[in-house]
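Structure below is input12.cif: mmCIF, C-alpha atoms.
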data_target
loop_
_atom_site.label_atom_id
_atom_site.label_comp_id
_atom_site.auth_asym_id
_atom_site.auth_seq_id
_atom_site.Cartn_x
_atom_site.Cartn_y
_atom_site.Cartn_z
CA MET A 13 -7.60 -26.02 -43.81
CA SER A 14 -10.01 -25.50 -46.63
CA ALA A 15 -9.39 -21.76 -46.89
CA TRP A 16 -7.74 -20.31 -49.97
CA GLU A 17 -5.47 -17.34 -50.23
CA GLY A 18 -6.36 -14.31 -52.30
CA PRO A 19 -3.93 -12.50 -54.63
CA GLY A 20 -1.18 -10.55 -52.89
CA HIS A 21 -1.66 -12.57 -49.73
CA GLU A 22 2.01 -12.32 -48.72
CA THR A 23 1.66 -8.54 -48.43
CA TRP A 24 -1.14 -8.90 -45.91
CA GLU A 25 0.00 -11.91 -43.98
CA ASP A 26 0.59 -10.02 -40.74
CA ALA A 27 -2.22 -7.50 -41.02
CA ALA A 28 -5.08 -9.40 -39.37
CA GLY A 29 -3.94 -8.76 -35.79
CA ALA A 30 -3.45 -5.05 -36.33
CA TYR A 31 -6.76 -4.93 -38.18
CA VAL A 32 -8.90 -6.34 -35.38
CA LEU A 33 -7.12 -4.08 -32.91
CA GLY A 34 -8.02 -1.06 -35.04
CA ALA A 35 -4.31 -0.39 -35.48
CA LEU A 36 -4.07 -0.25 -39.25
CA PRO A 37 -3.71 3.33 -40.51
CA ASP A 38 -6.59 4.31 -42.80
CA PRO A 39 -5.20 3.65 -46.29
CA GLU A 40 -3.79 0.32 -45.17
CA ARG A 41 -7.06 -0.66 -43.56
CA ALA A 42 -8.91 0.00 -46.82
CA GLY A 43 -6.33 -2.08 -48.68
CA PHE A 44 -6.67 -4.94 -46.26
CA GLU A 45 -10.45 -4.83 -46.40
CA ALA A 46 -10.25 -5.09 -50.19
CA HIS A 47 -7.94 -8.06 -49.78
CA LEU A 48 -10.35 -9.68 -47.33
CA GLU A 49 -12.97 -9.78 -50.07
CA THR A 50 -10.81 -12.16 -52.02
CA CYS A 51 -8.97 -14.08 -49.32
CA SER A 52 -10.83 -16.60 -47.24
CA SER A 53 -7.68 -17.46 -45.33
CA CYS A 54 -7.38 -13.90 -44.01
CA ARG A 55 -11.11 -13.74 -43.33
CA ALA A 56 -10.87 -16.84 -41.20
CA GLU A 57 -7.96 -15.38 -39.30
CA VAL A 58 -9.70 -12.06 -38.75
CA ASP A 59 -12.73 -13.87 -37.36
CA GLU A 60 -10.57 -15.87 -35.03
CA LEU A 61 -8.42 -13.00 -33.79
CA ARG A 62 -11.43 -10.77 -33.38
CA MET A 63 -12.64 -13.02 -30.61
CA ALA A 64 -9.48 -12.31 -28.68
CA ALA A 65 -9.76 -8.59 -29.39
CA GLU A 66 -13.38 -8.56 -28.25
CA ALA A 67 -12.31 -9.95 -24.92
CA LEU A 68 -9.95 -7.05 -24.27
CA PRO A 69 -12.53 -4.52 -23.01
CA THR A 70 -13.49 -7.03 -20.35
CA ALA A 71 -9.98 -6.87 -18.96
CA ALA A 72 -10.18 -3.12 -18.57
CA PRO A 73 -13.73 -1.84 -18.79
CA ALA A 74 -12.84 1.51 -17.25
CA MET A 75 -11.12 2.47 -20.47
CA ARG A 76 -10.58 6.13 -21.09
CA PRO A 77 -11.19 7.66 -24.51
CA PRO A 78 -8.29 6.74 -26.79
CA VAL A 79 -7.15 10.30 -27.37
CA ALA A 80 -6.60 10.99 -23.71
CA LEU A 81 -4.99 7.62 -23.21
CA LYS A 82 -2.67 8.11 -26.10
CA ALA A 83 -1.63 11.49 -24.78
CA ARG A 84 -1.04 10.04 -21.36
CA ILE A 85 1.11 7.27 -22.70
CA MET A 86 3.18 9.72 -24.68
CA ALA A 87 3.48 11.91 -21.59
CA GLU A 88 4.58 8.96 -19.51
CA VAL A 89 7.13 7.93 -22.10
CA GLU A 90 8.54 11.43 -22.08
CA ARG A 91 8.56 11.56 -18.29
CA GLU A 92 10.36 8.23 -18.11
CA ALA A 93 12.85 9.47 -20.65
CA ALA A 94 13.65 12.42 -18.43
CA LEU A 95 13.89 10.21 -15.35
CA LEU A 96 16.22 7.80 -17.07
CA ALA A 97 18.32 10.62 -18.39
CA ALA A 98 18.63 11.85 -14.84
CA ALA A 99 19.57 8.37 -13.66
CA GLY A 100 22.53 8.31 -16.04
CA PRO A 101 26.20 8.47 -15.00
CA GLN A 102 25.55 11.63 -12.99
CA ALA A 103 22.53 10.26 -11.24
CA ASP A 104 23.60 11.44 -7.79
CA ARG A 105 24.01 14.99 -9.02
CA THR A 106 20.67 15.08 -10.71
CA ARG A 107 19.06 17.62 -8.46
CA GLU A 108 21.75 20.19 -9.12
CA ALA A 109 22.05 19.40 -12.79
CA PRO A 110 20.74 22.12 -15.07
CA ARG A 111 17.28 21.06 -16.08
CA ARG A 112 17.57 22.60 -19.49
CA ARG A 113 20.42 20.26 -20.36
CA ARG A 114 18.46 17.19 -19.42
CA LEU A 115 15.57 18.43 -21.39
CA GLY A 116 17.61 18.99 -24.50
CA TRP A 117 18.67 15.41 -24.24
CA ARG A 118 15.17 14.30 -23.82
CA TRP A 119 13.76 15.95 -26.86
CA ARG A 120 16.60 15.31 -29.24
CA GLY A 121 18.00 12.18 -27.68
CA ALA A 122 18.84 9.25 -29.86
CA PRO A 123 18.38 6.73 -27.02
CA LEU A 124 14.71 7.60 -26.76
CA GLY A 125 13.73 4.39 -28.53
CA ALA A 126 15.29 2.22 -25.87
CA VAL A 127 13.95 4.52 -23.21
CA ALA A 128 10.48 4.42 -24.69
CA ALA A 129 10.61 0.66 -24.75
CA LEU A 130 11.60 0.63 -21.08
CA ALA A 131 8.91 3.12 -20.27
CA CYS A 132 6.38 0.91 -21.94
CA VAL A 133 7.61 -2.06 -20.02
CA ALA A 134 7.11 -0.12 -16.83
CA LEU A 135 3.86 1.27 -18.05
CA LEU A 136 2.40 -2.00 -19.13
CA ALA A 137 3.74 -4.04 -16.28
CA GLY A 138 0.64 -3.98 -14.14
CA LEU A 139 -1.97 -5.05 -16.61
CA GLY A 140 -0.34 -4.12 -19.74
CA ILE A 141 -1.42 -0.62 -19.04
CA GLY A 142 -0.74 0.66 -15.65
CA ALA A 143 -1.89 2.83 -12.85
CA LEU A 144 -1.12 6.04 -14.66
CA VAL A 145 -3.50 5.26 -17.44
CA PHE A 146 -6.32 4.35 -15.13
CA LYS A 147 -5.42 6.69 -12.34
CA ASP A 148 -8.48 7.49 -10.37
CA GLY A 149 -8.44 11.25 -10.64
CA GLY A 150 -7.88 13.14 -7.43
CA GLY A 151 -6.49 16.00 -9.47
CA GLN A 152 -7.98 18.84 -11.39
CA THR A 153 -8.31 19.43 -15.11
CA VAL A 154 -8.10 23.02 -16.31
CA PRO A 155 -8.88 24.02 -19.91
CA PHE A 156 -6.47 26.42 -21.59
CA GLN A 157 -7.62 29.68 -23.15
CA ARG A 158 -6.29 29.98 -26.69
CA SER A 159 -4.91 32.99 -28.47
CA GLY A 160 -4.14 33.12 -32.19
CA LEU A 161 -4.50 29.39 -32.65
CA PRO A 162 -6.58 27.52 -35.22
CA GLY A 163 -10.12 26.71 -34.14
CA ASN A 164 -9.45 23.01 -33.75
CA ALA A 165 -6.68 23.53 -31.21
CA VAL A 166 -7.57 22.38 -27.72
CA ALA A 167 -5.45 22.01 -24.64
CA GLU A 168 -5.96 21.15 -21.03
CA LEU A 169 -3.84 20.87 -17.95
CA ASP A 170 -4.15 17.84 -15.69
CA VAL A 171 -2.96 18.90 -12.26
CA SER A 172 -2.24 16.36 -9.57
CA GLY A 173 0.03 16.98 -6.62
CA ASP A 174 3.11 18.95 -7.60
CA LYS A 175 2.93 17.79 -11.18
CA ALA A 176 0.83 18.91 -14.10
CA VAL A 177 0.54 17.44 -17.56
CA LEU A 178 -0.37 19.62 -20.48
CA VAL A 179 -2.28 17.71 -23.14
CA ALA A 180 -2.98 19.40 -26.46
CA ARG A 181 -4.42 18.59 -29.85
CA GLY A 182 -4.44 20.51 -33.10
CA LEU A 183 -1.38 22.61 -32.30
CA PRO A 184 0.47 24.10 -35.27
CA ALA A 185 4.25 23.59 -35.45
CA PRO A 186 6.07 26.42 -33.63
CA GLY A 187 8.11 27.24 -36.75
CA SER A 188 11.57 26.18 -37.74
CA GLY A 189 14.23 26.68 -35.07
CA ARG A 190 11.52 27.26 -32.50
CA THR A 191 9.91 25.32 -29.71
CA TYR A 192 7.02 25.79 -27.32
CA GLN A 193 7.91 26.61 -23.76
CA VAL A 194 5.73 26.36 -20.67
CA TRP A 195 5.78 29.17 -18.11
CA LEU A 196 4.53 29.34 -14.59
CA LYS A 197 3.20 32.64 -13.30
CA HIS A 198 2.41 33.27 -9.67
CA PRO A 199 0.04 36.19 -9.04
CA GLY A 200 1.82 39.54 -9.20
CA GLU A 201 5.11 38.02 -10.35
CA ALA A 202 6.90 37.74 -13.69
CA PRO A 203 6.45 34.43 -15.52
CA GLN A 204 9.04 31.85 -14.55
CA PRO A 205 10.49 29.58 -17.20
CA THR A 206 9.88 25.87 -16.68
CA ALA A 207 11.94 23.02 -18.05
CA ALA A 208 8.99 21.98 -20.19
CA LEU A 209 9.85 22.57 -23.85
CA PHE A 210 7.92 20.73 -26.48
CA THR A 211 7.03 20.51 -30.14
CA PRO A 212 3.79 18.92 -31.30
CA ARG A 213 3.85 15.53 -32.93
CA ARG A 214 3.03 15.25 -36.61
CA ASP A 215 -0.68 14.96 -35.88
CA GLY A 216 -0.65 18.19 -33.85
CA SER A 217 -0.93 16.44 -30.51
CA ALA A 218 1.48 17.31 -27.74
CA THR A 219 2.11 16.60 -24.10
CA ALA A 220 4.42 18.28 -21.65
CA THR A 221 5.01 17.65 -17.99
CA VAL A 222 5.31 20.62 -15.69
CA THR A 223 6.75 20.03 -12.25
CA GLY A 224 6.62 22.51 -9.42
CA LYS A 225 4.22 23.69 -6.77
CA LEU A 226 1.04 24.88 -8.37
CA ARG A 227 -1.36 26.89 -6.25
CA THR A 228 -4.74 28.46 -6.74
CA GLY A 229 -4.39 31.64 -8.78
CA ASP A 230 -1.24 30.48 -10.56
CA GLN A 231 -1.21 30.64 -14.31
CA VAL A 232 0.38 28.20 -16.70
CA MET A 233 1.21 29.66 -20.11
CA VAL A 234 2.76 28.51 -23.35
CA THR A 235 4.76 30.64 -25.75
CA ALA A 236 6.79 29.92 -28.89
CA GLU A 237 10.50 30.46 -28.20
CA PRO A 238 13.80 29.89 -29.99
CA ASP A 239 15.12 26.33 -29.68
CA GLY A 240 16.47 25.65 -26.21
CA GLY A 241 13.96 27.95 -24.58
CA SER A 242 14.26 31.47 -23.17
CA PRO A 243 14.73 32.90 -19.67
CA MET A 244 11.96 35.43 -20.39
CA PRO A 245 9.02 35.06 -22.77
CA THR A 246 9.80 36.59 -26.16
CA SER A 247 6.32 36.22 -27.65
CA ASN A 248 2.72 36.40 -26.53
CA PRO A 249 1.22 33.31 -24.94
CA ILE A 250 -0.76 31.07 -27.28
CA LEU A 251 -2.21 29.15 -24.36
CA ALA A 252 -2.97 30.19 -20.80
CA ALA A 253 -4.73 28.40 -17.95
CA LYS A 254 -5.47 29.71 -14.49
CA LEU A 255 -5.74 27.34 -11.55
CA THR A 256 -8.90 27.80 -9.55
CA MET B 8 -17.16 -23.05 -46.91
CA GLU B 9 -17.87 -25.44 -44.13
CA LEU B 10 -15.27 -23.73 -42.03
CA ASP B 11 -16.73 -20.33 -42.79
CA ALA B 12 -20.13 -21.52 -41.67
CA LEU B 13 -18.57 -22.80 -38.48
CA LEU B 14 -16.83 -19.50 -37.85
CA ASP B 15 -20.11 -17.67 -38.22
CA ARG B 16 -21.47 -19.53 -35.26
CA GLU B 17 -18.54 -18.52 -33.15
CA ASP B 18 -20.71 -16.09 -31.21
CA ILE B 19 -20.99 -18.74 -28.55
CA PRO B 20 -17.43 -18.37 -27.28
CA ALA B 21 -17.80 -14.60 -27.68
CA ALA B 22 -20.74 -14.68 -25.31
CA ALA B 23 -18.80 -16.80 -22.89
CA VAL B 24 -15.98 -14.31 -23.08
CA ALA B 25 -18.34 -11.51 -22.21
CA VAL B 26 -19.05 -13.03 -18.82
CA GLU B 27 -15.40 -13.78 -18.10
CA ASP B 28 -14.42 -11.71 -15.20
CA ALA B 29 -11.80 -9.07 -15.69
CA GLU B 30 -9.42 -10.79 -13.32
CA ARG B 31 -9.19 -13.89 -15.42
CA LEU B 32 -8.67 -11.93 -18.60
CA ARG B 33 -5.99 -9.86 -17.00
CA ALA B 34 -4.28 -13.03 -15.91
CA LEU B 35 -4.44 -14.32 -19.46
CA LEU B 36 -3.07 -11.08 -20.80
CA MET B 37 -0.27 -11.20 -18.28
CA ARG B 38 0.62 -14.66 -19.50
CA LEU B 39 1.44 -13.30 -22.94
CA PRO B 40 5.08 -12.49 -23.58
CA LEU B 41 5.67 -8.84 -22.78
CA ALA B 42 6.68 -8.10 -26.37
CA GLN B 43 3.25 -9.18 -27.57
CA ARG B 44 1.34 -7.72 -24.65
CA GLU B 45 2.79 -4.26 -25.07
CA VAL B 46 1.91 -3.90 -28.74
CA ILE B 47 -1.61 -5.20 -28.15
CA THR B 48 -2.29 -2.90 -25.22
CA LEU B 49 -0.76 0.12 -26.92
CA ALA B 50 -2.97 -0.49 -29.93
CA PHE B 51 -6.17 -1.43 -28.21
CA TYR B 52 -6.24 0.65 -25.05
CA ALA B 53 -4.25 3.63 -26.25
CA GLY B 54 -5.49 3.75 -29.82
CA LEU B 55 -2.04 3.81 -31.39
CA THR B 56 -1.61 2.54 -34.95
CA HIS B 57 1.02 -0.04 -35.74
CA SER B 58 3.19 2.63 -37.32
CA GLU B 59 2.96 4.83 -34.23
CA ILE B 60 3.94 1.85 -32.11
CA SER B 61 6.82 1.03 -34.39
CA ASP B 62 8.02 4.65 -34.05
CA LEU B 63 7.62 4.50 -30.31
CA LEU B 64 9.38 1.20 -29.80
CA ARG B 65 11.78 1.60 -32.72
CA LEU B 66 10.71 -1.69 -34.22
CA PRO B 67 10.00 -2.51 -37.86
CA ALA B 68 6.29 -2.29 -38.68
CA GLY B 69 6.29 -5.93 -39.71
CA THR B 70 7.54 -6.94 -36.28
CA VAL B 71 4.82 -4.94 -34.55
CA LYS B 72 2.11 -6.45 -36.72
CA GLY B 73 3.55 -9.92 -36.30
CA ARG B 74 3.55 -9.56 -32.52
CA MET B 75 -0.04 -8.35 -32.51
CA ARG B 76 -1.09 -11.32 -34.54
CA LEU B 77 0.82 -13.88 -32.51
CA GLY B 78 -0.29 -12.37 -29.21
CA LEU B 79 -3.96 -12.35 -30.19
CA LYS B 80 -3.64 -15.86 -31.49
CA LYS B 81 -2.21 -16.99 -28.19
CA LEU B 82 -4.84 -15.10 -26.26
CA ARG B 83 -7.54 -16.67 -28.37
CA GLU B 84 -6.14 -20.12 -27.62
CA GLN B 85 -6.01 -19.37 -23.92
CA LEU B 86 -9.58 -18.23 -23.85
CA GLY B 87 -10.09 -21.95 -23.96
CA GLN B 88 -13.20 -22.00 -26.06
CA GLY B 89 -11.12 -23.49 -28.86
CA ALA B 90 -13.71 -24.65 -31.35
CA VAL B 91 -11.54 -23.35 -34.14
CA THR B 92 -7.96 -24.29 -34.79
CA PRO B 93 -6.54 -22.99 -38.02
#
As structure tokens, the full file:
Amino acid sequence: MSAWEGPGHETWEDAAGAYVLGALPDPERAGFEAHLETCSSCRAEVDELRMAAEALPTAAPAMRPPVALKARIMAEVEREAALLAAAGPQADRTREAPRRRRLGWRWRGAPLGAVAALACVALLAGLGIGALVFKDGGGQTVPFQRSGLPGNAVAELDVSGDKAVLVARGLPAPGSGRTYQVWLKHPGEAPQPTAALFTPRRDGSATATVTGKLRTGDQVMVTAEPDGGSPMPTSNPILAAKLT
Amino acid sequence: MELDALLDREDIPAAAVAVEDAERLRALLMRLPLAQREVITLAFYAGLTHSEISDLLRLPAGTVKGRMRLGLKKLREQLGQGAVTP
């Protein structure tokens, strides 16, 4: 073809696909855009691939906002990790197995990469995305009240059936040797520990899946606890949501 | 330059794509190898960057980017409006 390659082309050879998908992190995107100025070969490729990328919304017009989607995918990956952990050698004893143990595996586990890949396979099997991502509601979303958190911290609880997913953004790290733990409080009772322990990702986002019967009036709370979690809260809740 | 001019007029296939029904596009997507489909969907529908995807799938960043590029290329070919072949 008549296109010519700009300087440093080898560095950018694979970038066009990620670029049209909006998947280049900021500094890299700027670098690639600068390269595009000088490289007609990459420009031609971007134009071509963009046509494919532009077709993608047609395949799934009911797209949710990326942040929520991202959180859901991470939540699903984590849920799958827990399920697969449970389906290990002791699969038939899963129900009796201490949940804390499984959870420890899930958050520290080396095999998470393989598990995540499997989860994605499952997740993407339907369309490439999956029912979870486009689930048609039916549940309830409850915002969390914050306490002592930075102003940009937000969290909500997606409740559906006997499962709830906590989705948060802008959470600070819980501190070294500490983790966040989710508690379930029925009216007039002491908070019960749940198996949901989590630490935010580098960007402050976090997801945690809470299983158990949730009823009107119940509260879901989050506290910072020593690694491994606590049987009783040892600090004040940073997040609390009441089901209505 | 000629090619560039040609590419600029590529809004014709884009318009055709816009009226494609979702079913057909889904079918096309499903025809992509899973390895390519998953990185494309994670990037486009979930808003993950290539480095987040490479963390998630434990793949080198170059592999993720390469799969995105190949997958989109294939998808573009399958859209069947192939006025442009590089």
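Straight-line separation from atom CA of A:His21 to atom CA of A:Ser53: 8.9 Å.
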Write out as AutoDock Vina command-line options an axis-aligned box for stretch 232-246 of chain A: all of its atoms listed in the file, 8 Å added on each side, centre and edge lengths in Å with one decimal.
--center_x 8.4 --center_y 31.1 --center_z -23.3 --size_x 32.1 --size_y 26.9 --size_z 29.3
Once the PyMOL selection byres ((chain A and resi 181-196) around 9) has been applied to the shown file, what residues remain in the selection, as a VMD selection string?
chain A and resid 161 to 167 179 to 180 197 to 198 202 to 220 222 224 226 230 to 242 245
Using all atoms listed in the file, the best pick from B:Glu84, B:Pro40, B:Glu59, B:Phe51 as closest to B:Val71 would be B:Glu59
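Between chain A and the residues B:Arg83, B:Arg31, B:Leu66, B:Leu49, the shortest atom-to-atom distance, using all atoms listed in the file, involves B:Arg83.
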As a check of understanding: the span from atom CA of A:Cys54 to atom CA of B:Leu32 is 25.5 Å
Evaluated on this file, the PyMOL selection byres ((chain A and resi 32) around 8) picks out some residues - which ones are they, written as number ranges by chain?
A: 28-31, 33-35, 58, 61-62, 65
Would you save the residues of that selection, restricted to C-alpha atoms, as a PDB file, in the coordinates of the input?
ATOM      1  CA  ALA A  28      -5.080  -9.400 -39.370  1.00  0.00           C
ATOM      2  CA  GLY A  29      -3.940  -8.760 -35.790  1.00  0.00           C
ATOM      3  CA  ALA A  30      -3.450  -5.050 -36.330  1.00  0.00           C
ATOM      4  CA  TYR A  31      -6.760  -4.930 -38.180  1.00  0.00           C
ATOM      5  CA  LEU A  33      -7.120  -4.080 -32.910  1.00  0.00           C
ATOM      6  CA  GLY A  34      -8.020  -1.060 -35.040  1.00  0.00           C
ATOM      7  CA  ALA A  35      -4.310  -0.390 -35.480  1.00  0.00           C
ATOM      8  CA  VAL A  58      -9.700 -12.060 -38.750  1.00  0.00           C
ATOM      9  CA  LEU A  61      -8.420 -13.000 -33.790  1.00  0.00           C
ATOM     10  CA  ARG A  62     -11.430 -10.770 -33.380  1.00  0.00           C
ATOM     11  CA  ALA A  65      -9.760  -8.590 -29.390  1.00  0.00           C
TER      12      ALA A  65
END
